[in-house]
Amino acid sequence: MSQKFDVIICGSGSAGLCAAVWLARHGITCKILEKRSGPMKMGQADGVQCRTVEIFESLGLSEDLLREAYHVLEVAFWASDEDGKLVRMSRAADTMPGLSHQPHVILNQAIINRFFLEDMRRSNGQGVDYGYEVKIVDVGGEITGDESAYPVTVVASRDGKDEVLQAKYVLGCDGAHSQVRRSLGFKMIGDSTDTVWGVMDIYPRTNYPDIRRKATLRSKFGNLIIIPREGGSLVRFYIQLPAGTVVKQVTLDDLHNAARQIFHPYTMDFAETVWWSAYAIGQRLADHFSKDNRIFLTGDACHTHSPKAGQGMNVSLQDGLNIGWKLAAVLQGRAPPTLLKTYNIEREKVAADLIAFDRSWSKLFSSQSDGTNGHTAQYFSEQFIKGGKYTAGLTARYDDSIITSSERSTSSLATGLTVGMRFPSAQVVRFCDARAMQLVRALPADGRWRVVVFAGDVKVVGCAERLEKLATFLSSEGGPVRRFTLPNADIDSFIEPIVVFHGKRVEMEQEQIPEYFWPATGKWGMRDLHKTFVDDESYNSGHGHAYEKYGVDVDEGAVAVVRPDQYVSLITSIDDHEGIGKFFEGFALQP
């Protein structure tokens, strides 16, 4: 008799574990099948972009990440001068100031996976089943529309013995050589170049001054990228190898010798090489990302590219987050299965953008600095800085769907927000305790939708009246909050209101704020005072100028509907009660 599971996850990399973390937090136990004999000990990926750190923050996991990681704050650009000598040409901020309140950091993927594994265990005892080789994944045609059915069959082998498993949904998170993808007959479309790069993690002995700073070296002997690693000593080198190099013939000595040449006249010795590899640059995209809205490919199973832009682990992890929160919503009966179709709408576009960016990025890095192709040292550094917003993970923009509506939005009300993009943070002051904090801290990844109201100055009669009318509508029997909240559940358990005022905090009183924004909730039925913020000067952290950053007029105000993954769904006026109601009617299921 086959075993049945709501979700089977094939692979325990970044995508699989991130999806599993979300599901575990919502009480959904998965079967996670991993080919390896145990947890990853030494990951190849290490770049953690700003957006990924923001995601860890939303999950309450950023403190450990930031404590253990190397923080990338500056990049140095080195090149050969007219005499062929390696010199520093310029320096720049690694991430343009103001893009994110979180930094770009470096931390081994094995450690990041450990954070996820520990969180899963804390949530519901979720673990990984190691030593399983997935052989066949198939979906039955006639019963895919039956939400109570288990139409997906997985055949997996452990210790030479086949096991047959059934699932409602399967995630293929099993990497570039995905057996799930092969079993479905999907193809990877793309190409590889003749350019070969080597990569190694080393403990260097050197007099080169920027060894603990991210740096690019473009010398007459070749190109090299320095990525300092966590711990204060370990460093990663990416080294472009000479034309005609055959990947399978590359040796560690080849990498050591190439690095020594590029660093000349500086000395470079290797106390220890922890790990090394060589690869030809290639970009490939799966021809399909899902099968019958029941099987979904994520991460390297559906997109592969070069590692130099530090995108792989990040985009994979965000694939897992995207499908994870949607699966939880469907399995809990909060949204219809059609919600899962938005995974394809959103992540296929992100993957295509990634491939296009990686092609141009790889071409830039593989260019020579001798002027033969017109790429001077100055041009290279300018292009590197220009690509910073993408490499920080902040350019993803989702197209319209049942959960994203730029067509219904009035974007001019909040010009600093973009429908379909992540909700950026700004410093505000929490009204109940005068604490200066980032607004996104009020939007944790707990499965709830948020209606963020920029209400203006509560002391102005017009602003106060509009807010009162909105509160009355949202909390009314016919409004979206009561219609889509489970019986006997807290009023903020599905849609949480967040209100941001503008003006002098000390001139406001709690009683001026509609009670809907400070509801009685939780085990003790206490008033929740943590939903109200003010764009005002703080005691010790200055002024966040949130209204200015979000482009909201104080007199006009605005409403932003924010998804559980912190992406903006809708921007509209405080008076647009009908528009807010219709948005939630478009996807939410009544209990």
# chains A, B, ... in the order shown; residues from 1 in each chain; ligands from 1
>>> select_by_dssp(residues="range 350-569 of chain A", states="strand (DSSP E)", output="PyMOL selection string")
chain A and resi 427-430+436-438+449-456+495-502+520-521+526-527+532-535+558-562+568-569
>>> residues_around(residues="range 4-14 of chain A", least_positions_apart="3", cutoff="9 Å", atoms="only C-alpha atoms", output="count of residues only")
45
>>> atom_distance(atom1="CA of Trp518 in chain A", atom2="CA of Arg448 in chain A")
16.4 Å
>>> atom_distance(atom1="CA of Ile402 in chain A", atom2="CA of Pro519 in chain A")
28.6 Å
>>> residues_around(residues="Arg430 in chain A", least_positions_apart="3", cutoff="8 Å", atoms="only C-alpha atoms", output="list of chain:residue names")
A:Asp433, A:Ala434, A:Arg435, A:Ala436, A:Met437, A:His530, A:Lys531, A:Thr532, A:Phe533, A:Val534
>>> write_last_selection(atoms="all heavy atoms", output="mmCIF file, in the first residue's frame")
data_model
loop_
_atom_site.group_PDB
_atom_site.id
_atom_site.type_symbol
_atom_site.label_atom_id
_atom_site.label_comp_id
_atom_site.auth_asym_id
_atom_site.auth_seq_id
_atom_site.Cartn_x
_atom_site.Cartn_y
_atom_site.Cartn_z
ATOM 1 N N ASP A 433 4.937 52.559 21.830
ATOM 2 C CA ASP A 433 6.114 52.539 22.707
ATOM 3 C C ASP A 433 7.269 53.413 22.215
ATOM 4 O O ASP A 433 8.384 53.345 22.759
ATOM 5 C CB ASP A 433 6.604 51.101 22.898
ATOM 6 C CG ASP A 433 6.952 50.412 21.586
ATOM 7 O OD1 ASP A 433 6.887 51.072 20.523
ATOM 8 O OD2 ASP A 433 7.276 49.206 21.609
ATOM 9 N N ALA A 434 7.029 54.239 21.188
ATOM 10 C CA ALA A 434 8.020 55.193 20.662
ATOM 11 C C ALA A 434 9.247 54.511 20.068
ATOM 12 O O ALA A 434 10.300 55.128 19.919
ATOM 13 C CB ALA A 434 8.457 56.192 21.751
ATOM 14 N N ARG A 435 9.128 53.250 19.697
ATOM 15 C CA ARG A 435 10.278 52.534 19.148
ATOM 16 C C ARG A 435 10.450 52.836 17.665
ATOM 17 O O ARG A 435 9.539 52.648 16.865
ATOM 18 C CB ARG A 435 10.089 51.026 19.341
ATOM 19 C CG ARG A 435 11.238 50.209 18.791
ATOM 20 C CD ARG A 435 10.984 48.723 18.964
ATOM 21 N NE ARG A 435 12.042 47.941 18.364
ATOM 22 C CZ ARG A 435 12.050 46.617 18.295
ATOM 23 N NH1 ARG A 435 11.048 45.933 18.831
ATOM 24 N NH2 ARG A 435 13.037 45.972 17.716
ATOM 25 N N ALA A 436 11.646 53.305 17.287
ATOM 26 C CA ALA A 436 11.980 53.485 15.872
ATOM 27 C C ALA A 436 12.283 52.117 15.274
ATOM 28 O O ALA A 436 13.050 51.343 15.833
ATOM 29 C CB ALA A 436 13.186 54.405 15.725
ATOM 30 N N MET A 437 11.656 51.810 14.142
ATOM 31 C CA MET A 437 11.848 50.493 13.541
ATOM 32 C C MET A 437 11.550 50.537 12.048
ATOM 33 O O MET A 437 10.941 51.480 11.545
ATOM 34 C CB MET A 437 10.949 49.462 14.224
ATOM 35 C CG MET A 437 9.463 49.775 14.151
ATOM 36 S SD MET A 437 8.441 48.593 15.073
ATOM 37 C CE MET A 437 8.498 47.180 13.973
ATOM 38 N N HIS A 530 0.269 47.166 18.404
ATOM 39 C CA HIS A 530 1.495 47.154 17.610
ATOM 40 C C HIS A 530 1.267 47.335 16.114
ATOM 41 O O HIS A 530 2.153 47.056 15.313
ATOM 42 C CB HIS A 530 2.248 45.840 17.861
ATOM 43 C CG HIS A 530 2.621 45.632 19.284
ATOM 44 N ND1 HIS A 530 1.842 44.913 20.163
ATOM 45 C CD2 HIS A 530 3.688 46.064 19.995
ATOM 46 C CE1 HIS A 530 2.420 44.915 21.351
ATOM 47 N NE2 HIS A 530 3.541 45.603 21.275
ATOM 48 N N LYS A 531 0.100 47.843 15.729
ATOM 49 C CA LYS A 531 -0.230 47.999 14.312
ATOM 50 C C LYS A 531 -0.212 49.461 13.866
ATOM 51 O O LYS A 531 -0.518 49.758 12.715
ATOM 52 C CB LYS A 531 -1.612 47.395 14.019
ATOM 53 C CG LYS A 531 -1.781 45.931 14.438
ATOM 54 C CD LYS A 531 -3.168 45.426 14.086
ATOM 55 C CE LYS A 531 -3.480 44.090 14.742
ATOM 56 N NZ LYS A 531 -2.586 43.020 14.327
ATOM 57 N N THR A 532 0.102 50.362 14.783
ATOM 58 C CA THR A 532 0.033 51.801 14.497
ATOM 59 C C THR A 532 1.425 52.418 14.537
ATOM 60 O O THR A 532 2.168 52.237 15.504
ATOM 61 C CB THR A 532 -0.870 52.506 15.525
ATOM 62 O OG1 THR A 532 -2.174 51.922 15.482
ATOM 63 C CG2 THR A 532 -0.985 53.991 15.218
ATOM 64 N N PHE A 533 1.758 53.167 13.470
ATOM 65 C CA PHE A 533 3.078 53.774 13.343
ATOM 66 C C PHE A 533 2.931 55.227 12.911
ATOM 67 O O PHE A 533 1.905 55.621 12.353
ATOM 68 C CB PHE A 533 3.922 53.005 12.325
ATOM 69 C CG PHE A 533 4.078 51.546 12.666
ATOM 70 C CD1 PHE A 533 3.133 50.623 12.255
ATOM 71 C CD2 PHE A 533 5.143 51.110 13.437
ATOM 72 C CE1 PHE A 533 3.258 49.275 12.585
ATOM 73 C CE2 PHE A 533 5.276 49.768 13.777
ATOM 74 C CZ PHE A 533 4.327 48.856 13.350
ATOM 75 N N VAL A 534 3.977 55.986 13.167
ATOM 76 C CA VAL A 534 3.961 57.401 12.803
ATOM 77 C C VAL A 534 5.262 57.743 12.082
ATOM 78 O O VAL A 534 6.353 57.326 12.498
ATOM 79 C CB VAL A 534 3.810 58.304 14.048
ATOM 80 C CG1 VAL A 534 3.620 59.757 13.621
ATOM 81 C CG2 VAL A 534 2.650 57.846 14.913
#
>>> residues_around(residues="Ala110 in chain A", least_positions_apart="4", cutoff="6 Å", atoms="only C-alpha atoms", output="list of chain:residue names")
A:Met40, A:Lys41, A:Met42, A:Gly43
>>> write_last_selection(atoms="all heavy atoms", output="CSV table (one decimal), in the first residue's frame")
chain,number,residue,atom,x,y,z
A,40,MET,N,23.9,18.8,3.8
A,40,MET,CA,25.0,19.4,3.1
A,40,MET,C,26.1,19.8,4.1
A,40,MET,O,25.8,20.5,5.1
A,40,MET,CB,24.5,20.6,2.3
A,40,MET,CG,25.6,21.3,1.5
A,40,MET,SD,24.9,22.8,0.7
A,40,MET,CE,24.0,22.1,-0.6
A,41,LYS,N,27.3,19.5,3.8
A,41,LYS,CA,28.4,19.9,4.7
A,41,LYS,C,29.2,21.1,4.2
A,41,LYS,O,29.7,21.9,4.9
A,41,LYS,CB,29.4,18.8,5.0
A,41,LYS,CG,28.8,17.6,5.8
A,41,LYS,CD,29.8,16.5,6.1
A,41,LYS,CE,29.3,15.5,7.0
A,41,LYS,NZ,28.1,14.8,6.6
A,42,MET,N,29.3,21.2,2.9
A,42,MET,CA,30.1,22.3,2.3
A,42,MET,C,29.4,22.7,1.0
A,42,MET,O,29.4,22.0,0.0
A,42,MET,CB,31.5,21.8,1.9
A,42,MET,CG,32.4,23.0,1.4
A,42,MET,SD,32.8,24.1,2.7
A,42,MET,CE,33.9,25.3,1.8
A,43,GLY,N,28.6,23.8,1.0
A,43,GLY,CA,27.9,24.2,-0.2
A,43,GLY,C,28.7,25.0,-1.1
A,43,GLY,O,29.7,25.6,-0.8
>>> closest_residue(among="A:Arg563, A:Arg88, A:Lys220, A:His502", to="Tyr547 in chain A", atoms="only C-alpha atoms")
A:His502
>>> residues_around(residues="His71 in chain A", least_positions_apart="4", cutoff="7 Å", atoms="only C-alpha atoms", output="list in words")
Pro103, His104, Val105 and Ile106 of chain A
>>> closest_atom_pairs(of="range 20-55 of chain A", to="range 230-238 of chain A", cutoff="12 Å", atoms="only C-alpha atoms", output="tab-separated table")
residue	atom	partner	partner_atom	distance
A:Gln44	CA	A:Arg236	CA	10.3
A:Ala45	CA	A:Arg236	CA	10.8
A:Asp46	CA	A:Glu230	CA	9.4
A:Gly47	CA	A:Glu230	CA	10.8
A:Val48	CA	A:Glu230	CA	11.8
>>> closest_residue(among="A:Cys302, A:Ala414, A:Ala271, A:Leu117", to="Lys549 in chain A", atoms="only C-alpha atoms")
A:Ala414
>>> select_by_dssp(residues="range 346-526 of chain A", states="helix (DSSP H, G or I)", output="PyMOL selection string")
chain A and resi 346-365+377-386+388-391+411-413+439-442+461-475+480-484+505-507+510-512+515-517
>>> closest_atom_pairs(of="range 88-190 of chain A", to="range 280-291 of chain A", cutoff="7 Å", atoms="only C-alpha atoms", output="JSON lines")
{"residue": "A:Phe186", "atom": "CA", "partner": "A:Asp287", "partner_atom": "CA", "distance": 6.3}
{"residue": "A:Lys187", "atom": "CA", "partner": "A:Ala286", "partner_atom": "CA", "distance": 5.6}
{"residue": "A:Met188", "atom": "CA", "partner": "A:Ala286", "partner_atom": "CA", "distance": 4.3}
{"residue": "A:Ile189", "atom": "CA", "partner": "A:Arg284", "partner_atom": "CA", "distance": 5.2}
{"residue": "A:Gly190", "atom": "CA", "partner": "A:Arg284", "partner_atom": "CA", "distance": 4.2}
>>> write_last_selection(atoms="N, CA and C atoms", output="mmCIF file, in the first residue's frame")
data_model
loop_
_atom_site.group_PDB
_atom_site.id
_atom_site.type_symbol
_atom_site.label_atom_id
_atom_site.label_comp_id
_atom_site.auth_asym_id
_atom_site.auth_seq_id
_atom_site.Cartn_x
_atom_site.Cartn_y
_atom_site.Cartn_z
ATOM 1 N N PHE A 186 10.506 17.073 -19.647
ATOM 2 C CA PHE A 186 10.814 18.484 -19.914
ATOM 3 C C PHE A 186 12.279 18.624 -20.323
ATOM 4 N N LYS A 187 12.550 19.632 -21.144
ATOM 5 C CA LYS A 187 13.911 19.854 -21.661
ATOM 6 C C LYS A 187 14.477 21.172 -21.127
ATOM 7 N N MET A 188 15.810 21.214 -21.023
ATOM 8 C CA MET A 188 16.506 22.463 -20.706
ATOM 9 C C MET A 188 16.977 23.082 -22.017
ATOM 10 N N ILE A 189 16.511 24.293 -22.286
ATOM 11 C CA ILE A 189 16.818 24.974 -23.543
ATOM 12 C C ILE A 189 17.876 26.047 -23.272
ATOM 13 N N GLY A 190 18.933 26.055 -24.081
ATOM 14 C CA GLY A 190 19.955 27.074 -23.902
ATOM 15 C C GLY A 190 21.260 26.652 -24.525
#
>>> closest_residue(among="A:Ala520, A:Ala396, A:Leu224, A:Ala259", to="Asp353 in chain A", atoms="only C-alpha atoms")
A:Ala396
